[in-house]
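Novice: What follows is model02.cif, mmCIF, C-alpha atoms.
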data_data
#
loop_
_atom_site.label_atom_id
_atom_site.label_comp_id
_atom_site.auth_asym_id
_atom_site.auth_seq_id
_atom_site.Cartn_x
_atom_site.Cartn_y
_atom_site.Cartn_z
CA MET B 1239 -27.25 -14.03 -10.35
CA GLN B 1240 -23.95 -12.34 -11.19
CA LYS B 1241 -23.37 -8.76 -10.13
CA PRO B 1242 -22.25 -6.17 -12.70
CA LEU B 1243 -18.62 -5.04 -12.63
CA LEU B 1244 -19.49 -1.66 -11.09
CA GLU B 1245 -21.11 -3.31 -8.06
CA HIS B 1246 -18.01 -5.49 -7.59
CA LEU B 1247 -15.80 -2.40 -7.67
CA ILE B 1248 -18.03 -0.60 -5.16
CA GLU B 1249 -17.95 -3.65 -2.88
CA LEU B 1250 -14.15 -3.86 -3.21
CA ARG B 1251 -13.82 -0.18 -2.33
CA ARG B 1252 -16.01 -0.70 0.74
CA ARG B 1253 -13.88 -3.61 1.97
CA VAL B 1254 -10.64 -1.68 1.36
CA ILE B 1255 -12.00 1.30 3.30
CA TYR B 1256 -13.00 -0.95 6.21
CA GLY B 1257 -9.54 -2.53 6.18
CA LEU B 1258 -7.82 0.87 6.20
CA LEU B 1259 -10.07 2.03 9.03
CA ALA B 1260 -9.15 -1.07 11.03
CA LEU B 1261 -5.46 -0.39 10.35
CA SER B 1262 -5.87 3.24 11.43
CA ILE B 1263 -7.55 2.18 14.67
CA GLY B 1264 -4.79 -0.35 15.30
CA VAL B 1265 -2.08 2.27 14.73
CA THR B 1266 -3.91 4.74 17.02
CA ILE B 1267 -4.05 2.10 19.76
CA CYS B 1268 -0.45 1.01 19.36
CA TYR B 1269 1.28 4.40 19.14
CA PRO B 1270 0.90 5.26 22.88
CA LEU B 1271 2.15 1.73 23.59
CA SER B 1272 5.16 2.04 21.26
CA PRO B 1273 7.75 2.43 24.04
CA TYR B 1274 6.48 -0.76 25.72
CA ILE B 1275 6.39 -2.65 22.42
CA PHE B 1276 9.91 -1.43 21.69
CA GLN B 1277 11.02 -2.62 25.12
CA PHE B 1278 9.50 -6.03 24.37
CA LEU B 1279 11.33 -6.19 21.03
CA THR B 1280 14.64 -5.20 22.62
CA ASP B 1281 14.37 -7.77 25.42
CA PRO B 1282 16.29 -10.49 23.47
CA LEU B 1283 19.19 -8.05 23.05
CA TRP B 1284 19.01 -7.03 26.70
CA GLN B 1285 19.12 -10.68 27.74
CA ALA B 1286 22.06 -11.32 25.40
CA MET B 1287 23.87 -8.40 27.06
CA ARG B 1288 23.27 -10.21 30.38
CA GLU B 1289 21.41 -7.14 31.67
CA GLU B 1290 24.64 -5.21 32.13
CA GLU B 1291 24.30 -1.70 33.48
CA GLY B 1292 25.12 1.13 31.12
CA ARG B 1293 24.14 -0.70 27.94
CA ARG B 1294 21.99 1.35 25.59
CA LEU B 1295 20.58 1.90 22.13
CA ILE B 1296 21.10 5.27 20.51
CA TYR B 1297 19.48 7.46 17.90
CA THR B 1298 21.57 9.84 15.81
CA GLY B 1299 18.87 11.79 13.98
CA LEU B 1300 16.55 14.32 15.55
CA THR B 1301 13.42 12.59 14.19
CA GLU B 1302 14.73 9.02 14.40
CA ALA B 1303 13.08 8.08 17.70
CA PHE B 1304 9.70 9.47 16.61
CA LEU B 1305 9.82 7.68 13.25
CA THR B 1306 10.90 4.47 14.97
CA TYR B 1307 7.92 4.59 17.34
CA LEU B 1308 5.68 5.37 14.37
CA LYS B 1309 7.02 2.30 12.56
CA ILE B 1310 6.32 0.24 15.67
CA ALA B 1311 2.76 1.59 15.76
CA PHE B 1312 2.18 0.58 12.13
CA PHE B 1313 3.70 -2.84 12.76
CA GLY B 1314 1.54 -3.45 15.82
CA GLY B 1315 -1.53 -1.93 14.18
CA PHE B 1316 -1.17 -4.21 11.18
CA LEU B 1317 -0.92 -7.28 13.40
CA LEU B 1318 -4.04 -6.19 15.31
CA ALA B 1319 -6.01 -5.43 12.16
CA PHE B 1320 -4.82 -8.46 10.18
CA PRO B 1321 -7.66 -10.82 11.28
CA PHE B 1322 -10.24 -8.16 10.44
CA ILE B 1323 -8.58 -7.51 7.05
CA LEU B 1324 -8.74 -11.24 6.32
CA TRP B 1325 -12.41 -11.20 7.28
CA GLN B 1326 -13.09 -8.32 4.88
CA LEU B 1327 -11.29 -10.22 2.13
CA TRP B 1328 -13.47 -13.22 2.86
CA LEU B 1329 -16.64 -11.10 2.73
CA PHE B 1330 -15.61 -9.87 -0.70
CA VAL B 1331 -14.48 -13.21 -2.17
CA GLY B 1332 -16.73 -15.66 -0.29
CA PRO B 1333 -20.10 -14.88 -1.93
CA GLY B 1334 -18.65 -15.67 -5.37
CA LEU B 1335 -17.46 -19.15 -4.40
CA TYR B 1336 -19.25 -22.48 -4.48
CA ALA B 1337 -20.10 -24.21 -1.22
CA HIS B 1338 -17.27 -26.75 -1.49
CA GLU B 1339 -14.80 -23.94 -2.29
CA ARG B 1340 -15.84 -22.04 0.82
CA LYS B 1341 -15.32 -25.17 2.91
CA THR B 1342 -11.83 -25.46 1.43
CA ILE B 1343 -10.80 -21.85 2.13
CA TRP B 1344 -12.05 -21.64 5.72
CA PRO B 1345 -9.22 -23.82 7.15
CA PHE B 1346 -6.70 -21.63 5.31
CA LEU B 1347 -8.06 -18.45 6.93
CA ILE B 1348 -7.94 -20.01 10.40
CA THR B 1349 -4.55 -21.69 10.04
CA SER B 1350 -2.68 -18.77 8.46
CA PRO B 1351 -2.50 -16.55 11.61
CA ILE B 1352 -1.52 -19.60 13.71
CA LEU B 1353 1.36 -20.46 11.37
CA PHE B 1354 2.45 -16.81 11.27
CA LEU B 1355 2.49 -16.70 15.07
CA GLY B 1356 4.55 -19.89 15.16
CA GLY B 1357 7.15 -18.47 12.77
CA ALA B 1358 7.28 -15.12 14.56
CA SER B 1359 7.72 -16.87 17.93
CA LEU B 1360 10.58 -18.95 16.54
CA ALA B 1361 12.31 -15.77 15.36
CA TYR B 1362 11.80 -13.94 18.66
CA TYR B 1363 12.47 -16.68 21.20
CA VAL B 1364 15.06 -18.83 19.39
CA VAL B 1365 16.79 -17.14 16.47
CA CYS B 1366 17.31 -13.64 17.88
CA PRO B 1367 18.82 -14.68 21.24
CA TRP B 1368 21.31 -16.99 19.51
CA ALA B 1369 22.18 -14.44 16.82
CA TRP B 1370 22.59 -11.55 19.26
CA GLN B 1371 24.91 -13.60 21.48
CA PHE B 1372 27.02 -14.45 18.43
CA PHE B 1373 27.38 -10.82 17.34
CA LEU B 1374 28.07 -9.61 20.89
CA SER B 1375 30.91 -12.12 21.14
CA PHE B 1376 33.00 -9.72 19.02
CA GLU B 1377 33.06 -7.12 21.81
CA MET B 1378 36.41 -6.58 23.52
CA PRO B 1379 36.97 -5.18 27.00
CA ALA B 1380 39.33 -2.27 27.54
CA SER B 1381 42.98 -3.15 28.07
CA SER B 1382 46.12 -1.22 28.94
CA ASN B 1383 47.34 -1.44 25.35
CA GLY B 1384 44.14 -0.61 23.46
CA ILE B 1385 40.57 0.68 23.48
CA SER B 1386 37.45 -1.34 24.15
CA LEU B 1387 35.01 -2.53 21.50
CA GLN B 1388 31.36 -2.28 22.55
CA LEU B 1389 28.06 -2.35 20.69
CA GLU B 1390 26.01 0.85 20.60
CA ALA B 1391 23.35 0.05 18.01
CA ARG B 1392 20.93 2.56 16.54
CA MET B 1393 17.36 1.94 17.63
CA SER B 1394 15.96 2.26 14.09
CA GLU B 1395 18.42 -0.28 12.67
CA TYR B 1396 17.71 -2.74 15.47
CA LEU B 1397 13.96 -2.38 15.07
CA SER B 1398 14.14 -2.82 11.29
CA LEU B 1399 16.14 -6.02 11.75
CA MET B 1400 13.69 -7.39 14.34
CA ILE B 1401 10.62 -6.62 12.22
CA LYS B 1402 12.31 -8.11 9.15
CA LEU B 1403 13.05 -11.36 10.99
CA ILE B 1404 9.60 -11.63 12.58
CA MET B 1405 7.79 -10.94 9.31
CA ALA B 1406 10.10 -13.18 7.28
CA PHE B 1407 9.74 -16.16 9.61
CA GLY B 1408 5.98 -15.64 9.88
CA LEU B 1409 5.56 -15.51 6.10
CA CYS B 1410 7.88 -18.48 5.50
CA PHE B 1411 5.71 -20.57 7.81
CA GLN B 1412 2.86 -20.11 5.32
CA LEU B 1413 4.59 -22.73 3.15
CA PRO B 1414 2.07 -25.56 3.82
CA LEU B 1415 -0.84 -23.30 2.88
CA ILE B 1416 0.90 -22.21 -0.32
CA ILE B 1417 1.65 -25.81 -1.32
CA LEU B 1418 -1.89 -26.98 -0.54
CA GLY B 1419 -3.34 -24.03 -2.44
CA LEU B 1420 -1.21 -24.81 -5.51
CA PHE B 1421 -2.26 -28.44 -5.21
CA LYS B 1422 -5.94 -27.47 -5.10
CA LEU B 1423 -5.38 -25.33 -8.21
CA LYS B 1424 -3.71 -28.35 -9.86
CA VAL B 1425 -0.44 -26.46 -10.30
CA LEU B 1426 1.40 -29.04 -8.18
CA THR B 1427 0.92 -32.79 -7.89
CA LEU B 1428 1.97 -35.28 -5.25
CA GLU B 1429 4.49 -36.83 -7.62
CA SER B 1430 6.10 -33.46 -8.41
CA LEU B 1431 6.37 -32.61 -4.70
CA LYS B 1432 8.14 -35.90 -4.04
CA ARG B 1433 10.35 -35.66 -7.10
CA LYS B 1434 11.48 -32.09 -6.41
CA ARG B 1435 12.47 -32.52 -2.76
CA LYS B 1436 16.12 -31.64 -3.42
CA TYR B 1437 15.16 -28.49 -5.32
CA ALA B 1438 12.80 -27.47 -2.53
CA PHE B 1439 15.58 -27.99 0.01
CA LEU B 1440 17.97 -25.88 -2.08
CA ILE B 1441 15.42 -23.05 -2.35
CA ILE B 1442 14.84 -23.18 1.42
CA VAL B 1443 18.59 -22.96 2.05
CA VAL B 1444 18.89 -19.92 -0.24
CA ILE B 1445 15.92 -18.17 1.38
CA ALA B 1446 17.30 -18.86 4.87
CA ALA B 1447 20.70 -17.48 3.86
CA ILE B 1448 19.10 -14.28 2.56
CA ILE B 1449 16.71 -13.42 5.39
CA THR B 1450 18.60 -14.62 8.49
CA PRO B 1451 21.62 -13.01 10.17
CA PRO B 1452 25.00 -14.20 8.87
CA ASP B 1453 25.83 -16.72 11.58
CA ILE B 1454 25.64 -20.51 11.65
CA ILE B 1455 22.69 -21.21 13.95
CA SER B 1456 20.13 -18.75 12.55
CA PRO B 1457 19.90 -20.24 9.02
CA LEU B 1458 19.66 -23.76 10.47
CA SER B 1459 16.84 -22.66 12.77
CA LEU B 1460 14.84 -21.73 9.66
CA ILE B 1461 15.98 -24.49 7.29
CA ILE B 1462 15.03 -27.35 9.62
CA PRO B 1463 11.43 -26.29 10.42
CA LEU B 1464 10.77 -25.11 6.85
CA TYR B 1465 11.83 -28.41 5.34
CA ALA B 1466 9.81 -30.21 8.01
CA LEU B 1467 6.80 -28.13 6.94
CA TYR B 1468 7.48 -29.15 3.33
CA GLU B 1469 7.35 -32.82 4.31
CA ILE B 1470 4.20 -32.16 6.36
CA SER B 1471 2.68 -30.55 3.28
CA ILE B 1472 3.35 -33.72 1.29
CA GLY B 1473 1.58 -35.70 4.02
CA LEU B 1474 -1.40 -33.33 3.90
CA VAL B 1475 -1.59 -33.72 0.12
CA LYS B 1476 -1.66 -37.51 0.57
CA ILE B 1477 -4.48 -37.21 3.08
CA SER B 1478 -6.38 -34.93 0.71
CA LEU B 1479 -6.00 -37.43 -2.13
CA LYS B 1480 -7.23 -40.29 0.07
CA ARG B 1481 -10.33 -38.32 1.08
CA LYS B 1482 -10.97 -37.40 -2.54
CA GLY B 1483 -10.67 -41.07 -3.52
CA LYS B 1484 -13.16 -42.11 -0.88
#
Now, as a test, write the supplied structure out as structure tokens.
Specialist:
Amino acid sequence: MQKPLLEHLIELRRRVIYGLLALSIGVTICYPLSPYIFQFLTDPLWQAMREEEGRRLIYTGLTEAFLTYLKIAFFGGFLLAFPFILWQLWLFVGPGLYAHERKTIWPFLITSPILFLGGASLAYYVVCPWAWQFFLSFEMPASSNGISLQLEARMSEYLSLMIKLIMAFGLCFQLPLIILGLFKLKVLTLESLKRKRKYAFLIIVVIAAIITPPDIISPLSLIIPLYALYEISIGLVKISLKRKGK
């Protein structure tokens, strides 16, 4: 029996409220830990600086440090609450689906956080160390004929760049789920995925050029795994077609 529209809206409001409460709890938990999270996020830069004494990040506005820690708390709180938010979304959408549709969506809900973690780890452990070493190579030591050139980055700018990279890589790694979802909705076919490989590669190159730092290694570190995920998606579509045929 279908529910009236008003009941759907009430149920949606309930799920949104639960999601916001989970986010609020996550932010409350993460704010006291913001200095430690910030230290974790700055570790790739510290390693690229070879742990030299006297290196530092600065803040130039009176409220900058507070707002930066608050941004860290929201970032960490969202990551903590994300599984619960997905669960609330499932509780709202799931009852309206058929049994075979629920079986199809479950793997997506489980795989999505894993793929996000894989992309975020690639950004943190591979891309950032290489990129930071490249940008630090422009520093110049002091000489008798000139002044030195040394990085003193603002903490808010550094944090924004780190969060941007982590979120971008995590979201880009959702590519197989997006392709499989479009295939299930009959927007894409196996033949179109094969035929449009070169266009997919071009789009991946453009996305990598936009979201990665402007060096050589960082875009390649996103292009290679993303295109590999595209080919894996084609393989998953083939497997899905074989199972459907059987």
Novice: Compile the contact shell of region 1273-1290 of chain B as a count of residues only: residues with an atom at most 8 Å away, counting only C-alpha atoms, same-chain residues fewer than 3 positions apart removed.
Specialist: 13
Novice: In Å, rounded to a single decimal, give me how far CA of Ile1455 (chain B) is from CA of Arg1435 (chain B).
Specialist: 22.6 Å
Novice: Between CA of Tyr1336 (chain B) and CA of Phe1421 (chain B), what is the spacing in Å?
Specialist: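 CA of Tyr1336 (chain B) lies at a distance of 18.0 Å from CA of Phe1421 (chain B).
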Novice: At a cut-off of 10 Å, using only C-alpha atoms, what residues contact region 1346-1360 of chain B? Leave out same-chain residues fewer than 5 positions from it and give the result as an MDAnalysis selection string.
Specialist: chainID B and resid 1317 1320:1321 1324:1325 1328 1341 1365:1366 1401 1403:1416 1418:1419 1459:1460 1463:1464
Novice: Decode the PyMOL selection byres ((chain B and resi 1259) around 12) for the given file into explicit residues and return them as a VMD selection string.
Specialist: chain B and resid 1252 to 1258 1260 to 1266 1315 to 1316 1318 to 1320 1322 to 1323 1326
Novice: I'd like to know which of B:Ile1441, B:Leu1247, B:Leu1458, B:Leu1423 is closest to Thr1342 (chain B), using all atoms listed in the file.
Specialist: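 Among the listed residues, the smallest separation from Thr1342 (chain B) belongs to B:Leu1423.
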Novice: Looking at only C-alpha atoms, which of B:Met1378, B:Leu1327, B:Ile1472, B:Ile1461 is the one that sits closest to Glu1249 (chain B)?
Specialist: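 Among the listed residues, the smallest separation from Glu1249 (chain B) belongs to B:Leu1327.
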Novice: What is the CA of Tyr1468 (chain B)-CA of Ile1442 (chain B) distance in Å, reported with one decimal?
Specialist: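 CA of Ile1442 (chain B) lies at a distance of 9.7 Å from CA of Tyr1468 (chain B).
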Novice: Could you give me, as CSV, every region 1355-1433 of chain B residue with an atom at most 12 Å from region 1299-1305 of chain B, plus its closest atom pair and distance in Å to one decimal, counting all atoms listed in the file, rows ordered by chain then number?
Specialist:
residue,atom,partner,partner_atom,distance
B:Arg1392,CA,B:Glu1302,CA,9.2
B:Met1393,CA,B:Ala1303,CA,7.5
B:Ser1394,CA,B:Glu1302,CA,6.9
B:Glu1395,CA,B:Glu1302,CA,10.2
B:Tyr1396,CA,B:Ala1303,CA,12.0
B:Leu1397,CA,B:Ala1303,CA,10.8
B:Ser1398,CA,B:Leu1305,CA,11.5
Novice: Please determine, counting all atoms listed in the file, which residue among B:Phe1372, B:Phe1312, B:Tyr1465, B:Leu1428 has the shortest atom-to-atom distance to Leu1440 (chain B).
Specialist: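 Closest to Leu1440 (chain B) of all the choices is B:Tyr1465.
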Novice: Considering only C-alpha atoms, can you say which of B:Trp1344, B:Phe1439, B:Trp1368, B:Phe1373 comes closest to Gln1388 (chain B)?
Specialist: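 Answer, going by the shortest atom-to-atom distance: B:Phe1373.
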Novice: Step by step, work through what the PyMOL selection byres ((chain B and resi 1427) around 12) selects in the shown file, and finish by giving those residues as an mmCIF file with C-alpha atoms, in the frame of the given file.
Specialist:
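Listing of expr21.cif after writing:
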data_model
loop_
_atom_site.group_PDB
_atom_site.id
_atom_site.type_symbol
_atom_site.label_atom_id
_atom_site.label_comp_id
_atom_site.auth_asym_id
_atom_site.auth_seq_id
_atom_site.Cartn_x
_atom_site.Cartn_y
_atom_site.Cartn_z
ATOM 1 C CA ILE B 1417 1.650 -25.810 -1.320
ATOM 2 C CA LEU B 1418 -1.890 -26.980 -0.540
ATOM 3 C CA GLY B 1419 -3.340 -24.030 -2.440
ATOM 4 C CA LEU B 1420 -1.210 -24.810 -5.510
ATOM 5 C CA PHE B 1421 -2.260 -28.440 -5.210
ATOM 6 C CA LYS B 1422 -5.940 -27.470 -5.100
ATOM 7 C CA LEU B 1423 -5.380 -25.330 -8.210
ATOM 8 C CA LYS B 1424 -3.710 -28.350 -9.860
ATOM 9 C CA VAL B 1425 -0.440 -26.460 -10.300
ATOM 10 C CA LEU B 1426 1.400 -29.040 -8.180
ATOM 11 C CA LEU B 1428 1.970 -35.280 -5.250
ATOM 12 C CA GLU B 1429 4.490 -36.830 -7.620
ATOM 13 C CA SER B 1430 6.100 -33.460 -8.410
ATOM 14 C CA LEU B 1431 6.370 -32.610 -4.700
ATOM 15 C CA LYS B 1432 8.140 -35.900 -4.040
ATOM 16 C CA ARG B 1433 10.350 -35.660 -7.100
ATOM 17 C CA LYS B 1434 11.480 -32.090 -6.410
ATOM 18 C CA SER B 1471 2.680 -30.550 3.280
ATOM 19 C CA ILE B 1472 3.350 -33.720 1.290
ATOM 20 C CA VAL B 1475 -1.590 -33.720 0.120
ATOM 21 C CA LYS B 1476 -1.660 -37.510 0.570
ATOM 22 C CA SER B 1478 -6.380 -34.930 0.710
ATOM 23 C CA LEU B 1479 -6.000 -37.430 -2.130
#
